[in-house]
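S.K.: My questions will all concern the structure given below.
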Amino acid sequence: MPDSDTAVAGNEQVAEIIRNRPGRGVMRDDSLPTPVDMAVAKFDVLEGFKIEPVAAEPIVSQPLFVSWDSRGRMWVVQYRQYQFPAGLKIVRYDQHLRAVFDRVPEPPPHGTPGADKITVFEDTDGDGLYDTHKDVIDGLNIASAVQVGHGGIWVLNPPYLLFYPDADGDDVPDADPQVHLSGFGLQDTHSVANSMMWGPDGWLYGCNGSTTVGDVSSAVSKGVRFQGQCVWRYHPDTKEFEIYAEGGGNNFSLDIDSKGRVFTGTNGGNTRGYYFPQGSYSEKNWGKHGPLTNPYAFGYFRAMKFEGDGRRFPQAFCVYEGGLFPKNFNENIIAPNSLHNLVWRSERIPDGSTYRTVDHPNLVETSDRWFRPVYAGVGPDGAVYMADWYDSRLSHVSPVDDWHKESGRVYRIVPEGKTVIYQSGDLSLADSQTLIDCFSHENKWVRQRAVLELGWRGDASAADSLIKLVDDSASLEALWALNLIDKFDSVLATRWLSHSDADIRRWVVRLLGDRHEDHNGLAAMAATEPDGQVRSQLAATAKRLSADVGLSIVAALLRHDDDADDPHLPLMNWWAIEAHAESWPAIESMFADESLWNTTMVKQTILTRLVQRYASAGGVENFQHCAKLIAMAPDDASRGQLIQGIDLAFQGRAIPQLPESLDKALADYKASIGQSDLILSLRRGDAAAIGEAIKLLSSPQTDLPLAIEVANVFGEVNHAEAAKSLLALATGSRTSEPALQRVAIASLRQYDTTSIATTLLASFGNRISEEHGLRAAACRTLASRPAWALQLLNELTQWRIQRDQIPYDVVQQLRSYEDPEIAKQVEAVFGPISATATAEQIAETKRLRQLLAAAPGDSESGKAIFAKTCGGCHQLFGEGGKTGPPLDGYERGKIGFWVDSIVLPNLEIREGYQSYLVLTEDGRVINGIIAEQTPTSVTLRNADNQTTTIAREEIETLKALPTSLMPSDLLKEMSDTQIRDLYAYLSLGAK
């Protein structure tokens, strides 16, 4: 592997900051690991439970993942090669600090061997303790997961999924590995493809973290591309690879519950994780991680709602269904937290067709800061197992490889006083009836493993017994086994679509979709189906069937008006429709039914998105589809929804020349409502509308919301006639409403006139005051064009404007110009930029650590200071802005965390909050975080929480900035007392 000097060569600035970082913060400190027996004594475990070490150094180090084979043996992935792949050279780091390597590594055993290995642990005497171990595969190079079964050993070693054949199960591979998948990203090895596990349907499921991109191919699936954050699956027999669901956080855990539902943890706060219906889209970071693969998703799911501890990092995750814990633990989420050194327990509660969670008392806490649990799972014995990375360092930002590679543990949590033994024997040797008997076992792992073993042997003689179990006992395991032995057919599907058990119905629908099998009973079922999760699966399956059948299912689902307020179902139905949008005759036929237009979901969710989808795609044919939908609309309210969709499609840009059919449809709509649709007409460049809008802006009697909307459109679409009216509003001569004045100031960025800057600057102090953020808004507008920026800088150099009146994000924006004159003046006013920790900063961090440790502050006074200095961008205790990350989930009780984060804000910029710069074709410069991306536009949110939407065709450059929006001299004007008070509030209630 590359040494640290080689590793940092691609990004010397980041490396230098890390080297100069005082105390190293969340980097590895000078403490030493606690011996495992003493570490166990430090754990505070929930009453009635105990924690036991299962394996520890020197046998294991840096354990990342755990799984079990059909003999109940434990397989551990040791991620010793982390952080950099062996044999590769880092050419550079990209704008997101993702490594760019000189080449793609060869699959093992070729190329440079890595330090990763896979070790199997066995309980040879049946006493519940693993008493032997052996290394099965070594020389792996960034190996993140292992599963055994179906003829061998499956190893996820990005960029590859490898299969080591082992027909006799002696743990000695019969040959070199076969490459089943290639193309998983390696750019950031803390967020690679991971957490692979067998699904009860026979597919291998896995996650992909937030930062790496993929272009994955198998023997039959070529070039499946994604930008991080997804759940994927692969079928070993059919060789199909697909994205099961997209989005989520830095997905580095995965579980499939006893009913076959898919969940992951996340590195975010205020949640315990995500529930993923098949084919769904969940939130992601629109900047660093790019848009969703479907540009017409027009919506996404959020993480499960929760009540409890909102701190970050429930990235390890499992649903407890092991049968060993008390019954009130069944279906609870167990979520270890490596940032805060504890293990959460949360009750999972239905929330419509999805879930919410409520925290119960923590399962485990410890004062040992080295406890870093990165995996949680329920073993064959019903215990909860955790892989403990065990290191004082947690941050992955530094390219310096100073991880403590000699430490690592595997623990299990068990009830006190219970014998913990795997008693089911070697399932791979059990006869088929014994496996079927296991379907009633209290441990989900045993049940699902028995299903897999029966399926892998393909015992068709078991079909009758399995069918009877589905009929009589609603056994999902029997249904899954029938599917795996290829004895589930359309006759059985028809019978079980009306089964009394909702989960049986849901999985029948699911399996039909997986086979892309049109079934004429699905639409009728959708009309009367009483269960929300079954309806959700019907929508998911509708995406995978022919357009005629799929849309007939959705048409029935849309008539369930009670689903209109469900957290998931409206979007699930929209995504099913969108999947067939290219099949226009089927869409037209669907909406020919006038009664469908009157359903709540069509009104609230579908109409606007459907026409937005066609308008966004553009082209004569798609515009004609828009016109046809408008003509088909049965009433003005429906036509209004469609018009709104067209407006949304062209946010941030002018509407192009439209076909005569759509032009006429829009004109007819305006005539039908007896007035012009002003905003739409403005985007189309209608001269009469422009004149009407300017009059509205000039009139004090105009309703404020309408005036703001008109001013916003003038800021997105350049109509030169509007500049004078906007300038009058911006300088306060035509309005006393600060909200309208701020919008007008921002909209002036669209108009390249020198007099704008002159007039704005002349209005500083009287009409453009510091109140309501007006002066800050003006500074952002002045910094958006080179000529205006020079005028602003001239005022600063002449001391007519004070440096402390300039927001930090404006300074950042001014520094982005490459013009020598601007750069010279920026340095003269604000000083040279430094990407490293200066001697003064190092001294200041030491002083502040001593200051804050010496005496407490007053949190009540600190709350007011927070509101003034931090609350504009950050939320804490539910109050504050959203430009920066919420602060509740961090290690708020650590002095070092706050000192380093405030004095050195560029050291680690939280994912999702990196600042971006847009340079437009007409010379504007705009910066902020990316709030949204669509196929046609990019929306930035600035430090003032204002958004700007820019058409993609107007963007010359879009790039991430290496510096934070947060100023590095935030504490400069504060007294020591104020700093103590601020810290007292920031750390209030922290553990």
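Letters A, B, ... go to the chains of the structure tokens in the order shown; residues in each chain start at 1; ligands are counted from 1 in the same order.
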Near range 117-125 of chain A, counting only C-alpha atoms, which residues have an atom at most 7 Å away, once you skip same-chain residues fewer than 6 positions from it, shown as a ChimeraX atom specification?

M.R.: /A:73-78,131-140

S.K.: Just the residues within 9 Å of range 922-926 of chain A, please, counting only C-alpha atoms, with nothing from its chain fewer than 4 positions along; format it as a ChimeraX atom specification.

M.R.: /A:749-750,752,780-781,783-786,813-814,816-817,916-918,940,942,948,954-956

S.K.: Do a neighbour search on Val224 in chain A at 12 Å with only C-alpha atoms, toss out local chain neighbours closer than 2 positions, and write the hits as a ChimeraX atom specification.

M.R.: /A:181-184,213-218,220-222,226-227,232-234,240-244,293

S.K.: When you look at range 207-209 of chain A with a cut-off of 9 Å (counting only C-alpha atoms), what residues show up, excluding the ones that are within fewer than 4 positions of it in the same chain? I need them as a count of residues only.

M.R.: 26

S.K.: Contacts of range 546-560 of chain A at 6 Å or less, counting only C-alpha atoms, minus same-chain residues fewer than 4 places along, as a list in words?

M.R.: Ala523, Ala526, Ala527, Ala542, His580, Ala586 and Thr599 of chain A

S.K.: Based on the selection just made, write N, CA and C atoms of those residues as a short mmCIF file (atom, residue, chain, number, x, y, z; two decimals), in the first residue's frame.

M.R.:
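Final file, part-v1.cif:
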```cif
data_model
loop_
_atom_site.label_atom_id
_atom_site.label_comp_id
_atom_site.auth_asym_id
_atom_site.auth_seq_id
_atom_site.Cartn_x
_atom_site.Cartn_y
_atom_site.Cartn_z
N ALA A 523 -54.40 -5.96 -11.51
CA ALA A 523 -55.17 -4.72 -11.52
C ALA A 523 -56.42 -4.86 -10.64
N ALA A 526 -55.38 -4.67 -7.10
CA ALA A 526 -55.01 -3.31 -6.69
C ALA A 526 -56.24 -2.49 -6.31
N ALA A 527 -57.36 -2.79 -6.93
CA ALA A 527 -58.57 -2.01 -6.66
C ALA A 527 -59.11 -2.24 -5.26
N ALA A 542 -45.57 -2.71 -10.75
CA ALA A 542 -46.10 -2.08 -11.96
C ALA A 542 -45.01 -1.46 -12.81
N HIS A 580 -43.34 4.30 -17.32
CA HIS A 580 -43.99 4.01 -18.60
C HIS A 580 -44.30 5.28 -19.38
N ALA A 586 -50.36 4.26 -23.97
CA ALA A 586 -50.87 3.70 -22.72
C ALA A 586 -51.18 4.80 -21.71
N THR A 599 -59.42 11.85 -8.60
CA THR A 599 -58.83 11.20 -7.41
C THR A 599 -57.83 12.14 -6.75
#
```

S.K.: If we count only C-alpha atoms and set the cut-off at 6 Å, which residues sit around range 334-342 of chain A, ignoring sequence neighbours fewer than 2 positions away in its own chain? Please answer as a ChimeraX atom specification.

M.R.: /A:313-314,316-318,344-345,364-365,371-373

S.K.: Quick one: write out the picked residues with C-alpha atoms as an mmCIF file, in the first residue's frame?

M.R.:
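Output file out02.cif is given in full below:
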```cif
data_model
loop_
_atom_site.group_PDB
_atom_site.id
_atom_site.type_symbol
_atom_site.label_atom_id
_atom_site.label_comp_id
_atom_site.auth_asym_id
_atom_site.auth_seq_id
_atom_site.Cartn_x
_atom_site.Cartn_y
_atom_site.Cartn_z
ATOM 1 C CA PHE A 313 -24.007 7.994 13.198
ATOM 2 C CA PRO A 314 -26.376 5.017 13.466
ATOM 3 C CA ALA A 316 -24.406 0.016 11.944
ATOM 4 C CA PHE A 317 -27.899 -1.418 11.971
ATOM 5 C CA CYS A 318 -29.892 -4.601 12.407
ATOM 6 C CA TRP A 344 -28.995 2.291 20.604
ATOM 7 C CA ARG A 345 -32.164 0.242 20.873
ATOM 8 C CA VAL A 364 -24.689 -0.477 25.770
ATOM 9 C CA GLU A 365 -22.630 2.574 26.715
ATOM 10 C CA PHE A 371 -15.025 1.528 20.983
ATOM 11 C CA ARG A 372 -15.959 1.964 17.301
ATOM 12 C CA PRO A 373 -18.681 -0.553 16.342
#
```

S.K.: Mind giving me the straight-line distance from CA of Lys444 in chain A to CA of Arg457 in chain A in Å, one decimal?

M.R.: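 Here the two named atoms are 20.4 Å from each other.
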
S.K.: Measuring between only C-alpha atoms, which one of A:Thr494, A:Ala219, A:Asp888, A:Val179 shows the shortest distance to Gly308 in chain A?

M.R.: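 Looking at the shortest contact to Gly308 in chain A, the residue is A:Asp888.
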
S.K.: Find the spatial neighbours of Leu363 in chain A, counting only C-alpha atoms, within a cut-off of 12 Å - ignore same-chain residues fewer than 4 positions away - and output them as a list in words.

M.R.: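 With the cut-off at 12 Å, the set is Phe43, Asp44, Val45, Leu46, Glu47, Gly48, Phe49, Lys50, Ile51, Phe325, Phe329, Asn332, Ile333, Ile334, Ala335, Pro336, Asn337, Asn341, Leu342, Val343, Trp344, Arg345, Ser346, Asp359, Val384, Arg412, Ile413, Val414 and Pro415 of chain A.
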
S.K.: Just to be explicit: take each residue in the selection above, keep N, CA and C atoms, and write the result as a compact mmCIF listing (two decimals), in the first residue's frame.

M.R.:
```txt
# COMPACT_ATOMS: atom_id res chain seq x y z
N PHE A 43 -17.91 -1.41 29.98
CA PHE A 43 -19.23 -1.32 29.36
C PHE A 43 -20.32 -1.23 30.42
N ASP A 44 -21.25 -0.32 30.19
CA ASP A 44 -22.46 -0.21 31.01
C ASP A 44 -23.58 -0.82 30.16
N VAL A 45 -24.00 -2.03 30.50
CA VAL A 45 -24.94 -2.80 29.69
C VAL A 45 -26.32 -2.75 30.33
N LEU A 46 -27.35 -2.68 29.50
CA LEU A 46 -28.73 -2.65 29.97
C LEU A 46 -28.98 -3.82 30.92
N GLU A 47 -29.72 -3.53 31.98
CA GLU A 47 -30.00 -4.57 32.98
C GLU A 47 -30.62 -5.79 32.31
N GLY A 48 -30.11 -6.97 32.69
CA GLY A 48 -30.60 -8.22 32.12
C GLY A 48 -29.75 -8.72 30.96
N PHE A 49 -28.73 -7.96 30.57
CA PHE A 49 -27.87 -8.35 29.44
C PHE A 49 -26.41 -8.27 29.85
N LYS A 50 -25.59 -8.92 29.07
CA LYS A 50 -24.15 -8.82 29.25
C LYS A 50 -23.50 -8.80 27.87
N ILE A 51 -22.27 -8.29 27.84
CA ILE A 51 -21.52 -8.25 26.59
C ILE A 51 -20.30 -9.14 26.72
N PHE A 325 -33.61 -12.83 22.84
CA PHE A 325 -33.90 -11.70 23.71
C PHE A 325 -35.36 -11.76 24.17
N PHE A 329 -38.24 -7.16 22.61
CA PHE A 329 -37.15 -6.73 21.73
C PHE A 329 -37.42 -7.12 20.28
N ASN A 332 -37.16 -4.81 17.17
CA ASN A 332 -36.45 -3.59 17.55
C ASN A 332 -35.23 -3.40 16.65
N ILE A 333 -34.85 -2.15 16.48
CA ILE A 333 -33.62 -1.83 15.74
C ILE A 333 -32.48 -1.71 16.74
N ILE A 334 -31.41 -2.43 16.49
CA ILE A 334 -30.19 -2.31 17.28
C ILE A 334 -29.19 -1.56 16.41
N ALA A 335 -28.76 -0.39 16.88
CA ALA A 335 -27.92 0.50 16.06
C ALA A 335 -26.72 0.98 16.84
N PRO A 336 -25.59 0.31 16.74
CA PRO A 336 -24.38 0.80 17.38
C PRO A 336 -23.93 2.13 16.79
N ASN A 337 -23.36 2.97 17.62
CA ASN A 337 -22.93 4.30 17.20
C ASN A 337 -21.45 4.44 17.50
N ASN A 341 -19.82 5.99 20.89
CA ASN A 341 -19.39 4.84 21.70
C ASN A 341 -20.54 4.24 22.50
N LEU A 342 -21.61 3.90 21.80
CA LEU A 342 -22.77 3.33 22.47
C LEU A 342 -23.55 2.48 21.48
N VAL A 343 -24.60 1.81 22.00
CA VAL A 343 -25.47 0.99 21.17
C VAL A 343 -26.90 1.38 21.47
N TRP A 344 -27.60 1.90 20.45
CA TRP A 344 -28.99 2.29 20.60
C TRP A 344 -29.91 1.08 20.46
N ARG A 345 -31.07 1.19 21.09
CA ARG A 345 -32.16 0.24 20.87
C ARG A 345 -33.41 1.06 20.59
N SER A 346 -34.08 0.80 19.46
CA SER A 346 -35.24 1.60 19.06
C SER A 346 -36.38 0.68 18.65
N ASP A 359 -36.91 5.57 20.56
CA ASP A 359 -35.79 5.03 21.33
C ASP A 359 -36.23 4.49 22.68
N VAL A 384 -26.74 -10.69 19.46
CA VAL A 384 -26.37 -9.57 18.61
C VAL A 384 -24.85 -9.47 18.59
N ARG A 412 -20.41 -9.94 21.39
CA ARG A 412 -21.81 -10.28 21.25
C ARG A 412 -22.55 -9.86 22.52
N ILE A 413 -23.81 -9.46 22.35
CA ILE A 413 -24.68 -9.08 23.45
C ILE A 413 -25.68 -10.21 23.66
N VAL A 414 -25.76 -10.70 24.89
CA VAL A 414 -26.63 -11.84 25.20
C VAL A 414 -27.37 -11.56 26.50
N PRO A 415 -28.52 -12.21 26.70
CA PRO A 415 -29.21 -12.07 27.99
C PRO A 415 -28.44 -12.79 29.09
```

S.K.: Quick one: pick out all strand (DSSP E) residues within range 357-599 of chain A from a backbone DSSP run and write them as a ChimeraX atom specification.

M.R.: /A:357-366,373-378,384-388,409-415

S.K.: Write to file, as a JSON list (two decimals), in the first residue's frame, the residues of the selection just made, with C-alpha atoms.

M.R.:
```
[["chain", "number", "residue", "atom", "x", "y", "z"],
["A", 357, "THR", "CA", -38.87, 4.57, 15.52],
["A", 358, "VAL", "CA", -38.91, 5.40, 19.23],
["A", 359, "ASP", "CA", -35.79, 5.03, 21.33],
["A", 360, "HIS", "CA", -35.65, 2.87, 24.43],
["A", 361, "PRO", "CA", -32.83, 2.92, 26.99],
["A", 362, "ASN", "CA", -29.45, 2.31, 25.38],
["A", 363, "LEU", "CA", -28.36, -1.29, 25.19],
["A", 364, "VAL", "CA", -24.69, -0.48, 25.77],
["A", 365, "GLU", "CA", -22.63, 2.57, 26.72],
["A", 366, "THR", "CA", -18.93, 2.90, 27.48],
["A", 373, "PRO", "CA", -18.68, -0.55, 16.34],
["A", 374, "VAL", "CA", -18.97, -0.67, 12.54],
["A", 375, "TYR", "CA", -21.18, -3.73, 12.10],
["A", 376, "ALA", "CA", -24.19, -5.24, 13.89],
["A", 377, "GLY", "CA", -26.02, -8.45, 13.07],
["A", 378, "VAL", "CA", -27.98, -11.26, 14.67],
["A", 384, "VAL", "CA", -26.37, -9.57, 18.61],
["A", 385, "TYR", "CA", -22.82, -9.48, 17.24],
["A", 386, "MET", "CA", -20.79, -6.33, 16.71],
["A", 387, "ALA", "CA", -17.54, -5.77, 14.86],
["A", 388, "ASP", "CA", -15.53, -3.18, 16.79],
["A", 409, "ARG", "CA", -12.70, -6.94, 18.48],
["A", 410, "VAL", "CA", -15.89, -8.87, 17.87],
["A", 411, "TYR", "CA", -18.42, -8.75, 20.71],
["A", 412, "ARG", "CA", -21.81, -10.28, 21.25],
["A", 413, "ILE", "CA", -24.68, -9.08, 23.45],
["A", 414, "VAL", "CA", -26.63, -11.84, 25.20],
["A", 415, "PRO", "CA", -29.21, -12.07, 27.99]]
```

S.K.: Could you check which of A:Lys284, A:His516, A:His404, A:Arg103 is closest to Tyr82 in chain A, using only C-alpha atoms?

M.R.: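 Selected residue with least distance to Tyr82 in chain A: A:His404.
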
S.K.: With a cut-off of 12 Å, could you pull out the residues of range 574-688 of chain A touching range 697-713 of chain A and give me the nearest pair of atoms for each, distance in Å to one decimal, using only C-alpha atoms, ordered by chain and ascending number, as CSV?

M.R.:
```
residue,atom,partner,partner_atom,distance
A:Asp647,CA,A:Val713,CA,10.6
A:Leu648,CA,A:Val713,CA,11.7
A:Phe650,CA,A:Val713,CA,10.6
A:Gln651,CA,A:Val713,CA,8.3
A:Gly652,CA,A:Val713,CA,7.6
A:Arg653,CA,A:Val713,CA,8.9
A:Ala654,CA,A:Val713,CA,9.4
A:Ile655,CA,A:Val713,CA,11.8
A:Asp677,CA,A:Val710,CA,11.6
A:Leu678,CA,A:Val710,CA,8.4
A:Ile679,CA,A:Val710,CA,6.8
A:Leu680,CA,A:Val713,CA,9.5
A:Ser681,CA,A:Val713,CA,10.6
A:Leu682,CA,A:Val713,CA,7.4
A:Arg683,CA,A:Val713,CA,7.4
A:Arg684,CA,A:Val713,CA,11.1
A:Gly685,CA,A:Val713,CA,11.0
```

S.K.: Taking only C-alpha atoms into account, which of A:Thr212, A:Thr949, A:Asn285, A:Thr936 comes nearest Arg225 in chain A?

M.R.: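 Closest to Arg225 in chain A, using only C-alpha atoms: A:Thr212.
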
S.K.: To one decimal in Å, tell me the separation between CA of Asp391 in chain A and CA of Val903 in chain A.

M.R.: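 Taking CA of Asp391 in chain A and CA of Val903 in chain A, their separation equals 25.3 Å.
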
S.K.: Here is a test: counting only C-alpha atoms, which residue of A:Val470, A:Tyr130, A:Tyr296, A:Gln604 is nearest to Ile577 in chain A?

M.R.: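 So, comparing all the options, the nearest one is A:Tyr296.
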
S.K.: Out of range 519-718 of chain A, which residues get alpha helix (DSSP H) from DSSP, as a ChimeraX atom specification?

M.R.: /A:522-528,532-544,547-557,569-578,584-591,600-601,607-617,620-632,636-649,660-672,678-684,687-698,704-716

S.K.: In terms of the shortest atom-to-atom distance over only C-alpha atoms, which of A:Leu919, A:Leu161, A:Ala481, A:Leu324 is closest to Lys239 in chain A?

M.R.: A:Leu161

S.K.: Ranking A:Thr869, A:Ser975, A:Thr920, A:Ser67 by minimum distance to Trp445 in chain A and counting only C-alpha atoms, which one comes first?

M.R.: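 Checking each of A:Thr869, A:Ser975, A:Thr920, A:Ser67 against Trp445 in chain A, counting only C-alpha atoms, the winner is A:Ser67.
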